[in-house]
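One file, upload-v1.cif, is given below (mmCIF, C-alpha atoms and all ligand atoms).
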data_upload
#
loop_
_atom_site.label_atom_id
_atom_site.label_comp_id
_atom_site.auth_asym_id
_atom_site.auth_seq_id
_atom_site.Cartn_x
_atom_site.Cartn_y
_atom_site.Cartn_z
CA MET A 1 -18.62 1.07 11.90
CA ARG A 2 -15.34 -0.53 11.01
CA ILE A 3 -13.83 0.05 7.60
CA ILE A 4 -11.46 -2.66 6.46
CA LEU A 5 -9.02 -1.78 3.69
CA LEU A 6 -7.84 -4.81 1.77
CA GLY A 7 -5.25 -4.72 -0.99
CA ALA A 8 -1.71 -5.75 -1.82
CA PRO A 9 1.31 -3.81 -0.53
CA GLY A 10 1.48 -0.56 -2.50
CA SER A 11 -2.17 -0.65 -3.58
CA GLY A 12 -2.83 2.61 -1.70
CA LYS A 13 -4.39 1.47 1.60
CA GLY A 14 -2.34 3.92 3.65
CA ALA A 15 -3.08 6.97 1.51
CA VAL A 16 -6.79 6.14 1.24
CA GLY A 17 -6.90 5.37 4.97
CA GLU A 18 -5.48 8.81 5.76
CA ARG A 19 -8.13 10.46 3.57
CA LEU A 20 -10.85 8.47 5.30
CA GLU A 21 -9.49 9.47 8.69
CA ARG A 22 -9.66 13.16 7.73
CA ALA A 23 -13.06 12.90 6.06
CA TYR A 24 -14.90 10.90 8.74
CA GLY A 25 -12.84 11.50 11.88
CA PHE A 26 -12.36 7.79 12.57
CA PRO A 27 -8.88 6.73 13.73
CA ARG A 28 -6.79 4.78 11.24
CA ILE A 29 -5.22 1.71 12.74
CA ALA A 30 -2.33 0.46 10.61
CA THR A 31 -0.78 -2.70 12.01
CA GLY A 32 2.37 -2.15 9.90
CA ASP A 33 2.90 1.23 11.63
CA LEU A 34 2.22 -0.25 15.08
CA LEU A 35 4.66 -3.08 14.40
CA ARG A 36 7.39 -0.78 13.04
CA ARG A 37 7.07 1.32 16.20
CA ALA A 38 7.38 -1.79 18.38
CA VAL A 39 10.48 -2.82 16.41
CA GLN A 40 12.01 0.65 16.77
CA GLU A 41 11.33 0.67 20.53
CA GLN A 42 12.69 -2.88 20.79
CA THR A 43 9.78 -4.10 22.87
CA PRO A 44 9.60 -7.91 23.34
CA LEU A 45 6.84 -8.03 20.70
CA GLY A 46 8.91 -5.82 18.38
CA ARG A 47 11.88 -8.16 18.68
CA ARG A 48 9.72 -11.16 17.77
CA ALA A 49 8.03 -9.31 14.90
CA ALA A 50 11.26 -7.97 13.35
CA GLU A 51 12.51 -11.27 11.95
CA HIS A 52 9.24 -11.90 10.07
CA MET A 53 8.93 -8.34 8.78
CA GLY A 54 12.50 -8.17 7.53
CA ARG A 55 11.93 -11.26 5.41
CA GLY A 56 8.61 -10.07 4.01
CA GLY A 57 6.58 -12.72 5.87
CA LEU A 58 3.61 -12.21 8.16
CA VAL A 59 3.99 -11.67 11.88
CA PRO A 60 2.20 -14.48 13.79
CA ASP A 61 -1.53 -13.91 14.19
CA GLU A 62 -1.52 -13.92 18.00
CA LEU A 63 1.01 -11.06 18.18
CA VAL A 64 -0.87 -8.87 15.72
CA VAL A 65 -4.23 -9.60 17.28
CA ALA A 66 -2.82 -8.64 20.70
CA LEU A 67 -1.65 -5.30 19.25
CA VAL A 68 -5.06 -4.59 17.73
CA ARG A 69 -6.84 -5.55 20.95
CA GLU A 70 -4.70 -3.10 22.87
CA ARG A 71 -5.20 -0.37 20.27
CA LEU A 72 -9.00 -0.77 20.26
CA ALA A 73 -9.03 -0.51 24.06
CA ALA A 74 -7.67 3.07 23.79
CA GLY A 75 -11.27 4.27 23.63
CA ASP A 76 -11.12 6.60 20.60
CA ALA A 77 -12.63 4.02 18.25
CA GLN A 78 -16.16 3.90 19.67
CA ALA A 79 -17.91 5.54 16.69
CA GLY A 80 -15.75 3.85 14.11
CA TYR A 81 -12.26 2.95 12.94
CA ILE A 82 -10.31 2.23 9.81
CA LEU A 83 -8.17 -0.88 9.58
CA ASP A 84 -5.20 -0.69 7.22
CA GLY A 85 -3.25 -3.92 6.84
CA PHE A 86 -5.42 -5.92 9.24
CA PRO A 87 -6.81 -8.55 8.98
CA ARG A 88 -4.30 -10.29 6.73
CA THR A 89 -5.43 -13.87 7.33
CA ILE A 90 -8.80 -15.52 7.80
CA ALA A 91 -7.81 -16.38 11.39
CA GLN A 92 -7.22 -12.66 12.04
CA ALA A 93 -10.62 -11.82 10.53
CA ARG A 94 -12.30 -14.27 12.92
CA SER A 95 -10.36 -12.88 15.89
CA LEU A 96 -11.47 -9.39 14.95
CA GLU A 97 -15.11 -10.47 14.89
CA ALA A 98 -14.65 -11.95 18.37
CA LEU A 99 -12.84 -8.83 19.65
CA ASP A 100 -15.53 -6.40 18.53
CA PRO A 101 -18.65 -8.34 17.60
CA GLY A 102 -21.12 -5.45 17.62
CA SER A 103 -19.50 -3.30 14.94
CA ALA A 104 -21.00 -2.96 11.45
CA GLU A 105 -18.40 -3.77 8.81
CA VAL A 106 -17.58 -2.53 5.35
CA VAL A 107 -14.68 -3.92 3.34
CA VAL A 108 -12.98 -2.13 0.47
CA ASP A 109 -10.56 -4.08 -1.72
CA ILE A 110 -8.16 -1.76 -3.54
CA GLU A 111 -6.93 -3.47 -6.69
CA ALA A 112 -3.72 -2.43 -8.44
CA ASP A 113 -1.60 -4.30 -10.97
CA GLU A 114 1.85 -5.57 -10.11
CA GLU A 115 3.69 -3.10 -12.33
CA THR A 116 2.03 -0.13 -10.58
CA ILE A 117 2.82 -1.64 -7.18
CA VAL A 118 6.51 -2.22 -7.91
CA ARG A 119 6.86 1.32 -9.32
CA ARG A 120 5.15 2.86 -6.28
CA LEU A 121 7.14 0.94 -3.68
CA GLU A 122 10.38 1.81 -5.42
CA ALA A 123 9.50 5.52 -5.04
CA ARG A 124 8.09 5.29 -1.50
CA ARG A 125 9.86 7.06 1.34
CA LEU A 126 8.99 7.01 5.03
CA CYS A 127 9.63 9.33 7.94
CA PRO A 128 11.12 7.11 10.66
CA ARG A 129 9.89 9.51 13.36
CA CYS A 130 6.24 10.27 12.50
CA ALA A 131 5.56 7.52 9.90
CA ALA A 132 4.45 10.03 7.22
CA VAL A 133 4.66 8.44 3.79
CA TYR A 134 5.88 10.15 0.59
CA ASN A 135 6.39 9.16 -3.00
CA VAL A 136 9.32 10.83 -4.73
CA ARG A 137 7.31 11.09 -7.96
CA SER A 138 3.67 11.60 -7.06
CA ARG A 139 3.82 12.96 -3.51
CA PRO A 140 7.30 14.41 -2.90
CA PRO A 141 8.25 16.26 0.30
CA ARG A 142 8.81 20.03 0.00
CA ARG A 143 12.57 19.54 0.48
CA ALA A 144 14.15 16.45 -1.06
CA ASP A 145 14.45 13.56 1.43
CA VAL A 146 13.20 15.61 4.41
CA CYS A 147 9.88 15.12 6.22
CA ASP A 148 7.52 18.13 5.89
CA GLU A 149 6.15 17.51 9.39
CA ASP A 150 9.25 17.21 11.55
CA GLY A 151 12.37 17.75 9.40
CA GLU A 152 13.57 14.14 9.88
CA THR A 153 15.55 12.54 7.04
CA LEU A 154 13.32 10.20 5.06
CA VAL A 155 14.27 6.55 4.58
CA ARG A 156 13.31 3.69 2.29
CA ARG A 157 11.57 0.82 4.03
CA GLU A 158 13.89 -2.19 4.19
CA ASP A 159 11.05 -4.39 2.97
CA ASP A 160 10.50 -2.20 -0.11
CA ARG A 161 13.63 -3.73 -1.67
CA PRO A 162 12.59 -5.50 -4.91
CA GLU A 163 13.38 -9.05 -3.72
CA ILE A 164 11.39 -8.54 -0.50
CA VAL A 165 8.54 -6.91 -2.43
CA ARG A 166 8.25 -10.03 -4.57
CA LYS A 167 8.01 -12.15 -1.41
CA ARG A 168 5.40 -9.81 0.12
CA LEU A 169 3.28 -10.03 -3.02
CA ARG A 170 3.48 -13.82 -2.92
CA VAL A 171 2.50 -13.85 0.76
CA TYR A 172 -0.39 -11.51 -0.07
CA GLY A 173 -1.67 -13.86 -2.77
CA GLU A 174 -1.41 -16.92 -0.56
CA GLN A 175 -2.53 -15.68 2.85
CA THR A 176 -4.45 -12.42 2.45
CA GLU A 177 -6.25 -12.67 -0.89
CA PRO A 178 -8.52 -15.46 0.44
CA LEU A 179 -10.11 -12.70 2.54
CA VAL A 180 -11.60 -11.28 -0.66
CA GLY A 181 -13.74 -14.40 -1.03
CA TYR A 182 -14.37 -14.53 2.71
CA TYR A 183 -15.87 -11.02 2.80
CA ALA A 184 -17.60 -11.38 -0.57
CA GLY A 185 -19.38 -14.41 0.90
CA LYS A 186 -20.64 -12.23 3.74
CA GLY A 187 -21.88 -9.59 1.25
CA LEU A 188 -19.47 -6.99 2.68
CA LEU A 189 -16.96 -6.61 -0.15
CA HIS A 190 -16.58 -3.59 -2.44
CA ARG A 191 -13.88 -3.45 -5.10
CA VAL A 192 -12.25 -0.26 -6.31
CA ALA A 193 -9.51 0.37 -8.87
CA GLY A 194 -6.25 1.49 -7.25
CA ASP A 195 -4.08 2.10 -10.31
CA GLY A 196 -4.82 5.82 -10.55
CA THR A 197 -4.12 8.73 -8.23
CA VAL A 198 -5.14 8.82 -4.56
CA ASP A 199 -7.90 11.29 -5.51
CA GLU A 200 -9.26 8.86 -8.09
CA THR A 201 -9.27 5.95 -5.68
CA PHE A 202 -10.77 7.99 -2.86
CA ALA A 203 -13.55 9.23 -5.16
CA GLN A 204 -14.64 5.61 -5.56
CA VAL A 205 -14.35 4.79 -1.86
CA ARG A 206 -16.28 7.73 -0.46
CA PRO A 207 -19.77 6.83 -1.77
CA ILE A 208 -19.27 3.26 -0.52
CA ILE A 209 -18.59 4.52 3.01
CA ASP A 210 -21.42 7.07 2.85
CA ARG A 211 -23.88 4.34 1.88
CA ALA A 212 -22.58 1.98 4.56
CA LEU A 213 -22.85 4.67 7.23
CA ALA A 214 -26.38 5.55 6.14
CA GLY A 215 -27.31 1.85 6.26
CA ALA A 216 -25.74 1.37 9.69
CA GLY A 217 -27.57 4.47 10.97
CA LYS A 218 -30.90 3.11 9.77
CA GLU A 219 -30.22 -0.23 11.38
CA GLN A 220 -29.48 1.47 14.69
CA THR A 221 -32.64 3.57 14.49
CA ALA A 222 -34.64 0.44 13.75
CA ARG A 223 -33.21 -1.36 16.77
P1 LIG B 301 2.58 -2.91 6.01
O1 LIG B 301 3.12 -1.63 6.55
O2 LIG B 301 1.09 -3.03 6.16
O3 LIG B 301 3.05 -3.19 4.60
O4 LIG B 301 3.18 -4.07 6.92
C1 LIG B 301 4.58 -4.29 6.98
C2 LIG B 301 4.87 -5.67 7.53
O5 LIG B 301 4.35 -5.78 8.85
C3 LIG B 301 4.24 -6.82 6.77
O6 LIG B 301 5.01 -7.23 5.65
C4 LIG B 301 4.17 -7.90 7.84
O7 LIG B 301 5.43 -8.47 8.06
C5 LIG B 301 3.82 -7.09 9.07
N1 LIG B 301 2.35 -6.97 9.26
C6 LIG B 301 1.59 -5.85 9.18
N2 LIG B 301 0.29 -6.13 9.42
C7 LIG B 301 0.22 -7.46 9.65
C8 LIG B 301 -0.83 -8.36 9.93
N3 LIG B 301 -2.10 -7.96 10.02
N4 LIG B 301 -0.52 -9.68 10.10
C9 LIG B 301 0.75 -10.11 10.02
N5 LIG B 301 1.80 -9.32 9.73
C10 LIG B 301 1.55 -8.01 9.55
#
Is it possible to express this structure as structure tokens?
Ligand code: AMP
Amino acid sequence: MRIILLGAPGSGKGAVGERLERAYGFPRIATGDLLRRAVQEQTPLGRRAAEHMGRGGLVPDELVVALVRERLAAGDAQAGYILDGFPRTIAQARSLEALDPGSAEVVVDIEADEETIVRRLEARRLCPRCAAVYNVRSRPPRRADVCDEDGETLVRREDDRPEIVRKRLRVYGEQTEPLVGYYAGKGLLHRVAGDGTVDETFAQVRPIIDRALAGAGKEQTAR
């Protein structure tokens, strides 16, 4: 089973993805995290990705698909996995289907209004070492500006600056939102409201995943 989390930047994909990971034991694969690590380590891919990420644009499909292919080959995603931030274009969605054609799919679109998104991204802080995410208002670290996990000083993501956020939202509308129609057409799309707390969003997501898993189980038994 693969769980695809769709939604604009700041809609809550990361937080919901973490809850899903804990609840179902499937690994969460966040292409943004993988790319930021590649940039930090200055790999050839990271160097190519950095210029797009810094400007709020999308990294070219072939680079991101190569990262996901490599990540899926790690072998811990046999029973299922959670995709956060991938696919972001219809071409990526098709590549994913070709990469792992046998997997049942469920798609959750987390919808949040622009005001909520801008407010959340303004308050978001990231641990540059372990990628843990905080929100200074709703999910603050125990000590101000310090990661609970490893004591590293938290940072703001460069691309959370307001002018880059506006660009990312535009890119989302133009290149990623068409996936909503794409997956709706396949009968795979579920919409949830993402304006509330993580608990409130997760409470809507959980029954969707439970039903999808039950359905996938039945299909396998029938085969
Ligand atoms: P995120 O952490 O998901 O907000 O991603 C941060 C940035 O990484 C995005 O603004 C893009 O530049 C890049 N990125 C992440 N995932 C993808 C993807 N699937 N396709 C293209 N670019 C991506």
For Pro27 (chain A), work out the shell of residues within 9 Å, counting all atoms listed in the file and skipping chain neighbours fewer than 5 positions away, then give it as a PDB file with C-alpha atoms, keeping the file's coordinate frame.
ATOM      1  CA  GLU A  18      -5.480   8.810   5.760  1.00  0.00           C
ATOM      2  CA  LEU A  20     -10.850   8.470   5.300  1.00  0.00           C
ATOM      3  CA  GLU A  21      -9.490   9.470   8.690  1.00  0.00           C
ATOM      4  CA  ARG A  22      -9.660  13.160   7.730  1.00  0.00           C
ATOM      5  CA  ASP A  76     -11.120   6.600  20.600  1.00  0.00           C
ATOM      6  CA  ALA A  77     -12.630   4.020  18.250  1.00  0.00           C
ATOM      7  CA  GLY A  80     -15.750   3.850  14.110  1.00  0.00           C
ATOM      8  CA  TYR A  81     -12.260   2.950  12.940  1.00  0.00           C
ATOM      9  CA  ILE A  82     -10.310   2.230   9.810  1.00  0.00           C
ATOM     10  CA  LEU A  83      -8.170  -0.880   9.580  1.00  0.00           C
TER      11      LEU A  83
END
Next on the checklist: as a PyMOL selection string, please: every protein or nucleic acid residue near ligand LIG 301 (chain B) (cut-off 9 Å, counting only C-alpha atoms and all ligand atoms).
Outcome noted: chain A and resi 8-10+13-14+30-36+49-61+63-65+68+84-89+92+159-160+164-165+168+171-172
Review point. Using only C-alpha atoms, can you list as a list in words the residues within 12 Å of (-21.9, -12.1, 8.6)?
Key: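 Every polymer residue passing the test: Ala93, Arg94, Glu97, Pro101, Gly102, Ser103, Ala104, Glu105, Val106, Tyr182, Tyr183, Ala184, Gly185, Lys186, Gly187, Leu188 and Leu189 of chain A.
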>> Using only C-alpha atoms for the distances, tell me which of A:Arg129, A:Arg71, A:Arg28, A:Arg161 is nearest to Asp148 (chain A).
In response: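 Checking each candidate against Asp148 (chain A), we get A:Arg129 as the closest.
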Of the candidates A:Glu200, A:Asp195, A:Glu70, A:Asp150, which one gets nearest to Glu115 (chain A) if we count all atoms listed in the file?
->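 Looking at the shortest contact to Glu115 (chain A), the residue is A:Asp195.
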Ala38 (chain A) proximity check over A:Glu158, A:Gly12, A:Leu67, A:Ala203, using all atoms listed in the file: winner is A:Leu67
Computed gap from CA of Gly173 (chain A) to CA of Ile4 (chain A) is 17.5 Å
Provide an axis-aligned box for all listed atoms of region 129-145 of chain A, padding each side by 8 Å; report its centre and its edge lengths in Å to one decimal, as JSON.
{"center_x": 9.1, "center_y": 13.8, "center_z": 2.7, "size_x": 26.8, "size_y": 28.5, "size_z": 37.3}
Judged by only C-alpha atoms, the minimum distance to Val205 (chain A) among A:Glu62, A:Val108, A:Arg142, A:Leu96 is found for A:Val108
May I have the residues within 12 Å of region 124-127 of chain A as a PyMOL selection string, using all atoms listed in the file and disregarding those fewer than 3 positions away in the same chain? chain A and resi 9-10+12+14-15+33+36-37+117-121+130-141+144-161
(Q) Let me make sure I understand: among A:Ala66, A:Ala74, A:Leu6, A:Ala216, which one has the smallest atom-to-atom distance to Arg191 (chain A) if we use all atoms listed in the file? (A)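 Between A:Ala66, A:Ala74, A:Leu6, A:Ala216, the residue approaching Arg191 (chain A) most closely is A:Leu6.
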Counting only C-alpha atoms, closest pick from A:Gln40, A:Asp109, A:Gln204, A:Asp210 relative to Glu177 (chain A) is A:Asp109
Item to complete: Just give me the gap between CA of Asp100 (chain A) and CA of Thr43 (chain A) in Å, one decimal is fine.
Response: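 Straight-line distance from CA of Asp100 (chain A) to CA of Thr43 (chain A) works out to 25.8 Å.
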**Report entry** Coordinates-based distance that separates CA of Val16 (chain A) from CA of Gln42 (chain A) (Å, one decimal)
**Finding:**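 Distance between the two atoms: 29.0 Å.
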